[in-house]
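Chemist: Pasting a structure here, questions to come.
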Amino acid sequence: MEIKRKNKTQLLSKIATNDRHGENSPYFDGWKAYDNNPFHPTQNPNGVIQMGLAENKLCFDLIKKWIMENPDASICTAGGVDKFKDVAIFQDYHGLKEFREAIAKFMGRVGGNKVTFDASRIVMSSGATGANETIMFCLVNPGDAFLVPSPYYPGKLCRFARDLRWRTGLEIVPVDCKSSNNFRITRAAMEDAYEKAQKWNLNVKGIIIANPSNPLGTTLDIETMRSLVAFVNEKNIHLVCDEIYAATVFDSPRFVSVAEVIQDMDCCNRDLIHIVYSLSKDMGIPGFRVGIVYSFNDDVMLCARKMSSFGLVSSQTQYLLASMLSDDGFVGNFLRESSKRLAKRHYVFTKGLEQVGISCLTSNAGLFFWMDMRLLLKEQSFEGEIELWRVILNEVKLNVSPGSSFQCSEPGWFRVCFANMDDETVEVALNRIRAFVLNRENQESNRSKRCWRKKHLRLSFSSTRLYDETIMSPCMISPHSPLVRAKT
Amino acid sequence: MEFTRKNRQLLSRIATNDRHGENSPYFDGWKAYDSSPFHPIHNPDGVIQMGLAENPLSFDLIEKWIRENPDASICTAEGLDKFKHIAIYQDYHGLREFREAVAKFMGRVGGNRVTFDPNSIVMSGGATGANETVIFCLADPGDAFLVPSPYYAGFARDLRWRTGVEIVPVHCKSSNNFRITRAALEEAYEKAQRSNINIKGVIITNPSNPLGTVLDKETLRSIVSFVTDKNIHLVSDEIYAATVFSSPRFISVAEVMQDMDCNRDLIHIVYSLSKDMGFPGFRVGIVYSFNDDVTNCARKMSSFGLVSSQTQFLLASMLSDDEFVGNFLRESSKRLAKRHHVFTKGLEEVGISTIKSNAGLFFWMDMRQLLKEQTTKAETELWRVIINKVKLNVSPGSSFQCSEPGWFRVCFANMDDKTVEVALDRIREFVLQGKEETKLEADKSQAQAQRWRKQNLRLSFSSSRLYDESLMSPHMISPHSPIPHSPLVRART
């Protein structure tokens, strides 16, 4: 059996037999726990609530309404079937012109109409997953490196690491960001990481950022963006901006695309600037695999387009979205309504958490928030974080994502997704967290804990009431509440 | 693409090399077509596209099915309640119903001799993505695959570009109808070994592109035992399986393996709906491996090229409809057979032979007699004449790495009947004109040519009459025809 196994392994490529696909990560346990025991309000009310999946389910009603009113957008309705043949045959890797135009327009709107995107630069890929890998294939040779500010998206299965690294042979050098300045990406941190890479004899080819950030849910300010652009220009390396959460911004400050920033920077070499976009998060349609590579470098654009043959968007889907995203009225309404609903959901959760002493990083975007559980750690270490995570998973029964899975340099942070469930489930989740925190808190006999309890038991956790500003508690619980010991 | 030195340093080696294959001179054919595409009314003198292996002959059947099955779409009133669930669904296992429908379809296409397991169905970005994915799983940069020639020009990109894997052609000869012989495989393998090239497998296309032939059982068994002996992989690209329109029937490698002592871990199939159903735009590629590790690896890689869930949903429904599928496969074969017949008969009647084929969306045309000299250069000259003067975009054999000059692949399924007639007329005129010139130059063949011309000018080129068997000429022009070969025609430049 051993020999057979060995023979089997030798049969395959190195790529097939290494671990860089990332699926052997311990964070798989969260998924297993959920898969074995998924929450259902009536059939399994004690099951695990999925809070580890950054999906946007809040606005399907708007999309469905549009589809009902626009049967010609489908090649399968009586109204559209005469287009079926042309669309089914269409495999040109430039993509349908109407699709590219609609996407360019949508990206412009999402960027606040501060920038016009050129439809002829739109290149398709299979989701953001495909877009990220394609860009790397264009820019790096095996063994080259990219700087990545942490915490960064690993996906449920170290996916970012996989998208960027697995088949490309790319190395990742994290740029450590700290909670002390809200995880801002500083010039100093970038320089530090760059020099570290040089010492390790790694050839740094660029830096990749996510704006808005996953997992932080924050947008980059113009100053930081300009600093990034200046940095890459000085080092003559690339800047890849993953802007797939751009339309999930629900509060100020507004989203600023790198495309907007470079408009006012004459010194910038545009050949270094590339954008990754997708409709999976902003529209909530990950199944449709709509990824976009938008590069300001013609050679990269042409190369990425050739590579898009390996992951084009289905022409059936291109056709539908070309129609939908060209409808200005629909798009305007969708973007407004989506932001509103995300804002509300975000508020309900963060307020609910504050009222039991759990704070979150102030955020204005994304489908998640970055929760500060440092005070609940038995010890300020990654082991302490994993212990707490297992408790949250197995006893509180919430599948949240621990910060270490995002390569966060500080233990105790958790990403919690809030847009993939209905309002009733939100309440159940909040109640569980409340019960967990209070229960832990009950174990303390500390005087300051008694005072704290007195202050907060008055609050109710009905989500509508939480959102009603007239009853908001004046107590704003800060991260400096007395320490609570985590149950093991 | 000219890269500035600065840009060259900015980009990867993959981005700056030529292995994407698009700098090939064969793009001239496409450029000629794009600059002046044929249209029966708007541009009757334009270039007719005969270089694209597309299959639009049976869309009427599909459109009818779609009208009758509105809940197969998530955009109709009947299907809209599924929209949310489908739009959110990104699991790389793929919709269960989709996998089951595809597995069933593959089984039917293989004549129901084999059952395919839906759990081994892995998605990819078309056959393009499937081929690349399989190579990523099986080979390291610098490794090589044996590929019998002539082979699909896109393999240069799909197998090699981003994988860094090499192709070692196994040259097949017209003298035995381009059969893949054990001897040829062994020879190519040994030559590679001597050059320190690590052969990881063989990739075959069955039915063949560009030949349009199916592999017989004996050849398949021979290839399976070859790879088993050498402990290397066999990738069988079966994307034209349902385009078989006459005997012999299609035999999948899956069927052959059933009766053989072989190492199943070495066998992998690439499938797609682009050719068989005519849906290249839908990007439905399938990797089907008998090696669990490869299946699992390919599945992880499928994240880089999943089929849109909207499309999975539609096809799950369509391909589960047994009656529709049965009717479609029968009717599609019939129409391909008819179209193939019209063309090949029409060509025979002006003395152009084609390799005897029973599948594919093209035929492999023998123009060796029209070459100035038996060289690739002469083939390219002839090709340019066909594109620029005859205005047909056909594909020269050298673009398929054919080792013998003078062969051309001609696609026949991607046009309507009227365009078929125009194309045939043009070829006829070209060949006859060529014969005219030769007649003036060569005295000896004059009488012979006259006789030949007398026989054939009586025939009309109405496609329906060509297909009417009662009018069929008793002359069956085969490569071994007793009819004297037409005299060499000098290619006009």
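Naming works like this for the structure tokens: A, B, ... for the chains as they're shown, residue 1 at the start of each chain, ligands 1 onward in shown order.
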Give me, as a PyMOL selection string, the residues of range 272-476 of chain A that a backbone DSSP run labels alpha helix (DSSP H).

Modeler: chain A and resi 298-307+315-326+328-354+382-391+423-442+447-456+463-467

Chemist: Env of Asp271 in chain A: 12 Å cut, atoms = only C-alpha atoms, seq-sep filter 6 positions within chain, self excluded. Answer as a list in words.

Modeler: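 That gives Leu139, Val229, Val232, Asn233, Asn236, Ile237, His238, Leu239, Val240, Ile262, Tyr294, Ser295, Phe296, Asn297, Asp298, Asp299, Val300 and Met301 of chain A; Thr4, Lys6, Asn7, Arg8, Gln9, Leu10 and Leu11 of chain B.
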
Chemist: For each of A:Ser404, A:Thr17, A:Gln198, A:Gln380, take the minimum atom-to-atom distance to chain B, counting only C-alpha atoms, then give the residue where this is smallest.

Modeler: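 Among the listed residues, the smallest separation from chain B belongs to A:Thr17.
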
Chemist: Using only C-alpha atoms, which protein or nucleic acid residues come within 12 Å of Arg121 in chain A? Drop anything in the same chain fewer than 3 positions from it, and give the result as a list in words.

Modeler: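 The contact residues come out as His94, Gly95, Lys97, Arg100, Glu101, Ile103, Ala104, Thr116, Phe117, Asp118, Met124, His274, Ile275, Ile292, Val293, Tyr294, Ser295, Phe296, Asn297, Asp298, Asp299, Val300, Met301, Leu302, Cys303, Ala304 and Arg305 of chain A.
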
Chemist: Would you give me, as a VMD selection string, the residues of chain B that come within 8 Å of chain A, using only C-alpha atoms?

Modeler: chain B and resid 3 10 to 15 20 54 56 59 63 66 to 67 70 73 75 to 77 80 83 to 84 86 to 91 124 to 126 128 to 129 132 136 to 140 162 232 265 278 to 283 294 297 300 303 to 311

Chemist: Kindly give the distance, in Å, that separates CA of Pro169 in chain B and CA of Asp216 in chain B, rounded to a single decimal.

Modeler: 20.5 Å

Chemist: So which residues touch range 244-257 of chain A within 8 Å, counting only C-alpha atoms, skipping near sequence neighbours fewer than 6 positions away, as a short mmCIF file (atom, residue, chain, number, x, y, z; two decimals) with N, CA and C atoms, in the first residue's frame?

Modeler:
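So the final result, stored in selection34.cif, reads:
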data_model
loop_
_atom_site.label_atom_id
_atom_site.label_comp_id
_atom_site.auth_asym_id
_atom_site.auth_seq_id
_atom_site.Cartn_x
_atom_site.Cartn_y
_atom_site.Cartn_z
N VAL A 110 -19.89 52.49 -9.26
CA VAL A 110 -19.47 52.01 -7.94
C VAL A 110 -18.36 52.90 -7.40
N GLY A 111 -17.55 53.46 -8.31
CA GLY A 111 -16.48 54.35 -7.89
C GLY A 111 -16.97 55.78 -7.76
N GLY A 112 -18.29 55.93 -7.67
CA GLY A 112 -18.85 57.26 -7.46
C GLY A 112 -18.79 58.14 -8.69
N ALA A 128 -13.23 36.31 -9.07
CA ALA A 128 -12.05 37.02 -8.57
C ALA A 128 -10.90 36.02 -8.38
N ALA A 210 -6.47 44.81 -0.79
CA ALA A 210 -7.91 44.66 -0.98
C ALA A 210 -8.55 45.93 -0.45
N ASN A 211 -9.27 46.59 -1.32
CA ASN A 211 -9.92 47.83 -0.91
C ASN A 211 -11.32 47.89 -1.52
N PRO A 212 -12.38 47.81 -0.68
CA PRO A 212 -12.41 47.65 0.77
C PRO A 212 -11.71 46.37 1.25
N SER A 213 -11.30 46.41 2.48
CA SER A 213 -10.52 45.29 3.01
C SER A 213 -11.38 44.12 3.45
N THR A 219 -12.42 50.97 4.22
CA THR A 219 -11.92 51.45 2.93
C THR A 219 -10.62 52.21 3.17
N LEU A 220 -9.78 52.21 2.14
CA LEU A 220 -8.52 52.93 2.25
C LEU A 220 -8.77 54.41 1.99
N ASP A 221 -8.14 55.26 2.79
CA ASP A 221 -8.28 56.69 2.57
C ASP A 221 -7.33 57.12 1.45
N ILE A 222 -7.62 58.29 0.90
CA ILE A 222 -6.84 58.76 -0.25
C ILE A 222 -5.35 58.86 0.07
N VAL A 276 -8.49 44.24 -9.80
CA VAL A 276 -9.28 43.00 -9.88
C VAL A 276 -10.67 43.35 -9.42
N TYR A 277 -11.66 42.96 -10.22
CA TYR A 277 -13.04 43.22 -9.82
C TYR A 277 -13.87 41.96 -9.99
N SER A 278 -15.07 41.99 -9.43
CA SER A 278 -15.97 40.83 -9.51
C SER A 278 -17.38 41.27 -9.12
N LEU A 279 -18.37 40.49 -9.52
CA LEU A 279 -19.74 40.80 -9.12
C LEU A 279 -20.20 39.91 -7.97
N SER A 280 -19.32 39.03 -7.51
CA SER A 280 -19.73 38.02 -6.53
C SER A 280 -20.19 38.63 -5.21
N LYS A 281 -19.52 39.69 -4.78
CA LYS A 281 -19.85 40.28 -3.49
C LYS A 281 -20.81 41.44 -3.65
N ASP A 282 -20.51 42.32 -4.60
CA ASP A 282 -21.34 43.51 -4.78
C ASP A 282 -22.76 43.17 -5.21
N LEU A 335 -27.81 49.85 -5.94
CA LEU A 335 -26.65 50.26 -5.15
C LEU A 335 -27.08 50.99 -3.88
N SER A 338 -28.93 48.39 -1.52
CA SER A 338 -27.99 47.41 -0.99
C SER A 338 -27.17 48.02 0.15
N SER A 339 -26.70 49.25 -0.07
CA SER A 339 -25.95 49.94 0.99
C SER A 339 -26.79 50.12 2.23
N LYS A 340 -28.02 50.52 2.02
CA LYS A 340 -28.92 50.74 3.16
C LYS A 340 -29.09 49.47 3.97
N LEU A 342 -27.19 46.81 4.06
CA LEU A 342 -25.94 46.40 4.69
C LEU A 342 -25.68 47.25 5.93
N ALA A 343 -25.96 48.54 5.80
CA ALA A 343 -25.74 49.44 6.93
C ALA A 343 -26.58 49.00 8.12
N ASN A 364 -16.95 50.49 7.46
CA ASN A 364 -17.99 51.11 6.64
C ASN A 364 -18.27 50.33 5.35
N ALA A 365 -17.78 49.09 5.29
CA ALA A 365 -17.94 48.32 4.05
C ALA A 365 -17.83 46.83 4.35
N GLY A 366 -17.99 46.05 3.30
CA GLY A 366 -17.83 44.60 3.43
C GLY A 366 -19.09 43.90 3.90
N LEU A 367 -18.99 42.60 3.99
CA LEU A 367 -20.13 41.77 4.38
C LEU A 367 -19.85 41.16 5.74
#

Chemist: Taking 2 positions as the minimum chain separation for residues in the same chain, which residues sit within 9 Å of Ile433 in chain A when counting only C-alpha atoms? Answer as a PDB file with all heavy atoms, in the first residue's frame.

Modeler:
ATOM      1  N   LEU A 353     -23.418  43.801  19.867  1.00  0.00           N
ATOM      2  CA  LEU A 353     -22.184  43.319  20.464  1.00  0.00           C
ATOM      3  C   LEU A 353     -21.631  44.304  21.474  1.00  0.00           C
ATOM      4  O   LEU A 353     -21.164  43.938  22.551  1.00  0.00           O
ATOM      5  CB  LEU A 353     -21.142  43.065  19.377  1.00  0.00           C
ATOM      6  CG  LEU A 353     -21.408  41.849  18.498  1.00  0.00           C
ATOM      7  CD1 LEU A 353     -20.420  41.816  17.345  1.00  0.00           C
ATOM      8  CD2 LEU A 353     -21.335  40.562  19.285  1.00  0.00           C
ATOM      9  N   VAL A 356     -22.801  44.050  24.977  1.00  0.00           N
ATOM     10  CA  VAL A 356     -22.247  43.068  25.905  1.00  0.00           C
ATOM     11  C   VAL A 356     -20.738  43.218  26.011  1.00  0.00           C
ATOM     12  O   VAL A 356     -20.032  42.304  26.413  1.00  0.00           O
ATOM     13  CB  VAL A 356     -22.616  41.614  25.533  1.00  0.00           C
ATOM     14  CG1 VAL A 356     -24.045  41.318  25.884  1.00  0.00           C
ATOM     15  CG2 VAL A 356     -22.318  41.304  24.096  1.00  0.00           C
ATOM     16  N   ILE A 392     -16.333  29.025  20.622  1.00  0.00           N
ATOM     17  CA  ILE A 392     -17.377  29.731  19.867  1.00  0.00           C
ATOM     18  C   ILE A 392     -18.013  28.772  18.864  1.00  0.00           C
ATOM     19  O   ILE A 392     -19.230  28.757  18.655  1.00  0.00           O
ATOM     20  CB  ILE A 392     -16.802  30.959  19.148  1.00  0.00           C
ATOM     21  CG1 ILE A 392     -16.251  31.967  20.149  1.00  0.00           C
ATOM     22  CG2 ILE A 392     -17.872  31.615  18.266  1.00  0.00           C
ATOM     23  CD1 ILE A 392     -15.549  33.153  19.524  1.00  0.00           C
ATOM     24  N   VAL A 396     -20.904  27.840  21.475  1.00  0.00           N
ATOM     25  CA  VAL A 396     -21.805  28.931  21.096  1.00  0.00           C
ATOM     26  C   VAL A 396     -22.448  28.602  19.747  1.00  0.00           C
ATOM     27  O   VAL A 396     -23.519  29.096  19.404  1.00  0.00           O
ATOM     28  CB  VAL A 396     -21.059  30.276  21.032  1.00  0.00           C
ATOM     29  CG1 VAL A 396     -22.016  31.434  20.913  1.00  0.00           C
ATOM     30  CG2 VAL A 396     -20.165  30.454  22.238  1.00  0.00           C
ATOM     31  N   LEU A 398     -21.355  29.126  16.569  1.00  0.00           N
ATOM     32  CA  LEU A 398     -21.277  30.128  15.521  1.00  0.00           C
ATOM     33  C   LEU A 398     -19.985  29.862  14.754  1.00  0.00           C
ATOM     34  O   LEU A 398     -18.909  29.796  15.370  1.00  0.00           O
ATOM     35  CB  LEU A 398     -21.205  31.543  16.115  1.00  0.00           C
ATOM     36  CG  LEU A 398     -22.367  31.998  16.999  1.00  0.00           C
ATOM     37  CD1 LEU A 398     -22.060  33.371  17.582  1.00  0.00           C
ATOM     38  CD2 LEU A 398     -23.667  32.050  16.207  1.00  0.00           C
ATOM     39  N   VAL A 428     -31.037  35.234  16.707  1.00  0.00           N
ATOM     40  CA  VAL A 428     -30.561  34.024  17.376  1.00  0.00           C
ATOM     41  C   VAL A 428     -29.055  34.135  17.625  1.00  0.00           C
ATOM     42  O   VAL A 428     -28.569  33.864  18.724  1.00  0.00           O
ATOM     43  CB  VAL A 428     -30.851  32.765  16.534  1.00  0.00           C
ATOM     44  CG1 VAL A 428     -30.243  31.528  17.172  1.00  0.00           C
ATOM     45  CG2 VAL A 428     -32.353  32.593  16.331  1.00  0.00           C
ATOM     46  N   ALA A 429     -28.333  34.587  16.602  1.00  0.00           N
ATOM     47  CA  ALA A 429     -26.872  34.697  16.720  1.00  0.00           C
ATOM     48  C   ALA A 429     -26.506  35.673  17.839  1.00  0.00           C
ATOM     49  O   ALA A 429     -25.652  35.401  18.685  1.00  0.00           O
ATOM     50  CB  ALA A 429     -26.274  35.145  15.394  1.00  0.00           C
ATOM     51  N   LEU A 430     -27.170  36.812  17.825  1.00  0.00           N
ATOM     52  CA  LEU A 430     -26.878  37.821  18.851  1.00  0.00           C
ATOM     53  C   LEU A 430     -27.202  37.302  20.248  1.00  0.00           C
ATOM     54  O   LEU A 430     -26.425  37.512  21.196  1.00  0.00           O
ATOM     55  CB  LEU A 430     -27.667  39.097  18.580  1.00  0.00           C
ATOM     56  CG  LEU A 430     -26.991  40.089  17.625  1.00  0.00           C
ATOM     57  CD1 LEU A 430     -27.934  41.201  17.247  1.00  0.00           C
ATOM     58  CD2 LEU A 430     -25.721  40.658  18.244  1.00  0.00           C
ATOM     59  N   ASN A 431     -28.315  36.617  20.346  1.00  0.00           N
ATOM     60  CA  ASN A 431     -28.679  36.070  21.659  1.00  0.00           C
ATOM     61  C   ASN A 431     -27.641  35.080  22.148  1.00  0.00           C
ATOM     62  O   ASN A 431     -27.309  35.046  23.329  1.00  0.00           O
ATOM     63  CB  ASN A 431     -30.050  35.392  21.594  1.00  0.00           C
ATOM     64  CG  ASN A 431     -31.177  36.406  21.557  1.00  0.00           C
ATOM     65  OD1 ASN A 431     -31.005  37.548  21.992  1.00  0.00           O
ATOM     66  ND2 ASN A 431     -32.323  36.003  21.050  1.00  0.00           N
ATOM     67  N   ALA A 435     -25.519  35.485  25.505  1.00  0.00           N
ATOM     68  CA  ALA A 435     -25.541  34.442  26.539  1.00  0.00           C
ATOM     69  C   ALA A 435     -24.127  33.968  26.843  1.00  0.00           C
ATOM     70  O   ALA A 435     -23.755  33.777  28.007  1.00  0.00           O
ATOM     71  CB  ALA A 435     -26.405  33.279  26.070  1.00  0.00           C
ATOM     72  N   PHE A 436     -23.336  33.796  25.846  1.00  0.00           N
ATOM     73  CA  PHE A 436     -21.966  33.326  26.025  1.00  0.00           C
ATOM     74  C   PHE A 436     -21.147  34.310  26.859  1.00  0.00           C
ATOM     75  O   PHE A 436     -20.480  33.946  27.832  1.00  0.00           O
ATOM     76  CB  PHE A 436     -21.326  33.130  24.651  1.00  0.00           C
ATOM     77  CG  PHE A 436     -19.829  32.977  24.676  1.00  0.00           C
ATOM     78  CD1 PHE A 436     -19.239  31.907  25.333  1.00  0.00           C
ATOM     79  CD2 PHE A 436     -19.007  33.900  24.044  1.00  0.00           C
ATOM     80  CE1 PHE A 436     -17.861  31.761  25.369  1.00  0.00           C
ATOM     81  CE2 PHE A 436     -17.631  33.749  24.068  1.00  0.00           C
ATOM     82  CZ  PHE A 436     -17.047  32.681  24.733  1.00  0.00           C
ATOM     83  N   VAL A 437     -21.234  35.576  26.481  1.00  0.00           N
ATOM     84  CA  VAL A 437     -20.437  36.586  27.178  1.00  0.00           C
ATOM     85  C   VAL A 437     -20.893  36.738  28.629  1.00  0.00           C
ATOM     86  O   VAL A 437     -20.077  36.789  29.558  1.00  0.00           O
ATOM     87  CB  VAL A 437     -20.527  37.946  26.447  1.00  0.00           C
ATOM     88  CG1 VAL A 437     -19.870  39.052  27.262  1.00  0.00           C
ATOM     89  CG2 VAL A 437     -19.881  37.833  25.074  1.00  0.00           C
ATOM     90  N   LEU A 438     -22.205  36.783  28.812  1.00  0.00           N
ATOM     91  CA  LEU A 438     -22.728  36.949  30.164  1.00  0.00           C
ATOM     92  C   LEU A 438     -22.402  35.735  31.029  1.00  0.00           C
ATOM     93  O   LEU A 438     -22.055  35.872  32.201  1.00  0.00           O
ATOM     94  CB  LEU A 438     -24.240  37.174  30.126  1.00  0.00           C
ATOM     95  CG  LEU A 438     -24.689  38.506  29.505  1.00  0.00           C
ATOM     96  CD1 LEU A 438     -26.199  38.623  29.495  1.00  0.00           C
ATOM     97  CD2 LEU A 438     -24.084  39.684  30.259  1.00  0.00           C
TER      98      LEU A 438
END

Chemist: Run DSSP on the backbone and tell me which residues of range 29-222 of chain A come out as strand (DSSP E); list them as a PyMOL selection string.

Modeler: chain A and resi 49-50+123-126+145-150+171-176+204-210

Chemist: Suppose you want the space between CA of Asn439 in chain A and CA of Ser409 in chain A; what is it in Å?

Modeler: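 Atom-to-atom, CA of Asn439 in chain A to CA of Ser409 in chain A, that is 28.8 Å.
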
Chemist: Neighbours of Asn291 in chain B within 8 Å (only C-alpha atoms; same-chain residues fewer than 6 positions away dropped), as JSON, numbers by chain?

Modeler: {"B": [264, 265, 266, 267, 268]}

Chemist: Could you write out that same residue set with all heavy atoms as a PDB file, in the first residue's frame?

Modeler:
ATOM      1  N   ARG B 264      -5.676   1.983 -14.002  1.00  0.00           N
ATOM      2  CA  ARG B 264      -6.699   3.012 -14.199  1.00  0.00           C
ATOM      3  C   ARG B 264      -6.249   4.389 -13.717  1.00  0.00           C
ATOM      4  O   ARG B 264      -6.795   5.397 -14.146  1.00  0.00           O
ATOM      5  CB  ARG B 264      -7.980   2.604 -13.480  1.00  0.00           C
ATOM      6  CG  ARG B 264      -8.631   1.397 -14.106  1.00  0.00           C
ATOM      7  CD  ARG B 264      -9.663   0.783 -13.167  1.00  0.00           C
ATOM      8  NE  ARG B 264     -10.888   1.577 -13.115  1.00  0.00           N
ATOM      9  CZ  ARG B 264     -11.931   1.420 -13.930  1.00  0.00           C
ATOM     10  NH1 ARG B 264     -11.888   0.491 -14.864  1.00  0.00           N
ATOM     11  NH2 ARG B 264     -12.994   2.172 -13.807  1.00  0.00           N
ATOM     12  N   ASP B 265      -5.264   4.397 -12.849  1.00  0.00           N
ATOM     13  CA  ASP B 265      -4.765   5.678 -12.340  1.00  0.00           C
ATOM     14  C   ASP B 265      -4.099   6.502 -13.425  1.00  0.00           C
ATOM     15  O   ASP B 265      -3.764   7.667 -13.216  1.00  0.00           O
ATOM     16  CB  ASP B 265      -3.758   5.449 -11.202  1.00  0.00           C
ATOM     17  CG  ASP B 265      -4.456   5.224  -9.872  1.00  0.00           C
ATOM     18  OD1 ASP B 265      -5.658   5.551  -9.751  1.00  0.00           O
ATOM     19  OD2 ASP B 265      -3.782   4.725  -8.948  1.00  0.00           O
ATOM     20  N   LEU B 266      -3.884   5.870 -14.568  1.00  0.00           N
ATOM     21  CA  LEU B 266      -3.194   6.562 -15.648  1.00  0.00           C
ATOM     22  C   LEU B 266      -4.155   7.147 -16.686  1.00  0.00           C
ATOM     23  O   LEU B 266      -3.734   7.829 -17.606  1.00  0.00           O
ATOM     24  CB  LEU B 266      -2.262   5.572 -16.376  1.00  0.00           C
ATOM     25  CG  LEU B 266      -1.188   4.923 -15.531  1.00  0.00           C
ATOM     26  CD1 LEU B 266      -0.454   3.862 -16.348  1.00  0.00           C
ATOM     27  CD2 LEU B 266      -0.193   5.963 -15.011  1.00  0.00           C
ATOM     28  N   ILE B 267      -5.449   6.872 -16.517  1.00  0.00           N
ATOM     29  CA  ILE B 267      -6.391   7.199 -17.594  1.00  0.00           C
ATOM     30  C   ILE B 267      -7.281   8.394 -17.239  1.00  0.00           C
ATOM     31  O   ILE B 267      -7.899   8.428 -16.166  1.00  0.00           O
ATOM     32  CB  ILE B 267      -7.292   5.988 -17.922  1.00  0.00           C
ATOM     33  CG1 ILE B 267      -6.465   4.716 -18.005  1.00  0.00           C
ATOM     34  CG2 ILE B 267      -8.084   6.240 -19.206  1.00  0.00           C
ATOM     35  CD1 ILE B 267      -5.529   4.631 -19.187  1.00  0.00           C
ATOM     36  N   HIS B 268      -7.362   9.353 -18.141  1.00  0.00           N
ATOM     37  CA  HIS B 268      -8.110  10.577 -17.898  1.00  0.00           C
ATOM     38  C   HIS B 268      -8.813  11.007 -19.177  1.00  0.00           C
ATOM     39  O   HIS B 268      -8.248  10.894 -20.260  1.00  0.00           O
ATOM     40  CB  HIS B 268      -7.171  11.705 -17.446  1.00  0.00           C
ATOM     41  CG  HIS B 268      -6.054  11.213 -16.568  1.00  0.00           C
ATOM     42  ND1 HIS B 268      -6.186  11.006 -15.213  1.00  0.00           N
ATOM     43  CD2 HIS B 268      -4.786  10.839 -16.877  1.00  0.00           C
ATOM     44  CE1 HIS B 268      -5.043  10.534 -14.727  1.00  0.00           C
ATOM     45  NE2 HIS B 268      -4.180  10.433 -15.710  1.00  0.00           N
TER      46      HIS B 268
END

Chemist: So how many Å separate CA of Asn198 in chain B and CA of Gly142 in chain B, to one decimal?

Modeler: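 These atoms are spaced 7.6 Å apart.
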
Chemist: Near Trp389 in chain A, within 7 Å and counting only C-alpha atoms, which residues show up once chain neighbours fewer than 4 positions away are dropped, as number ranges by chain?

Modeler: A: 385, 393, 402
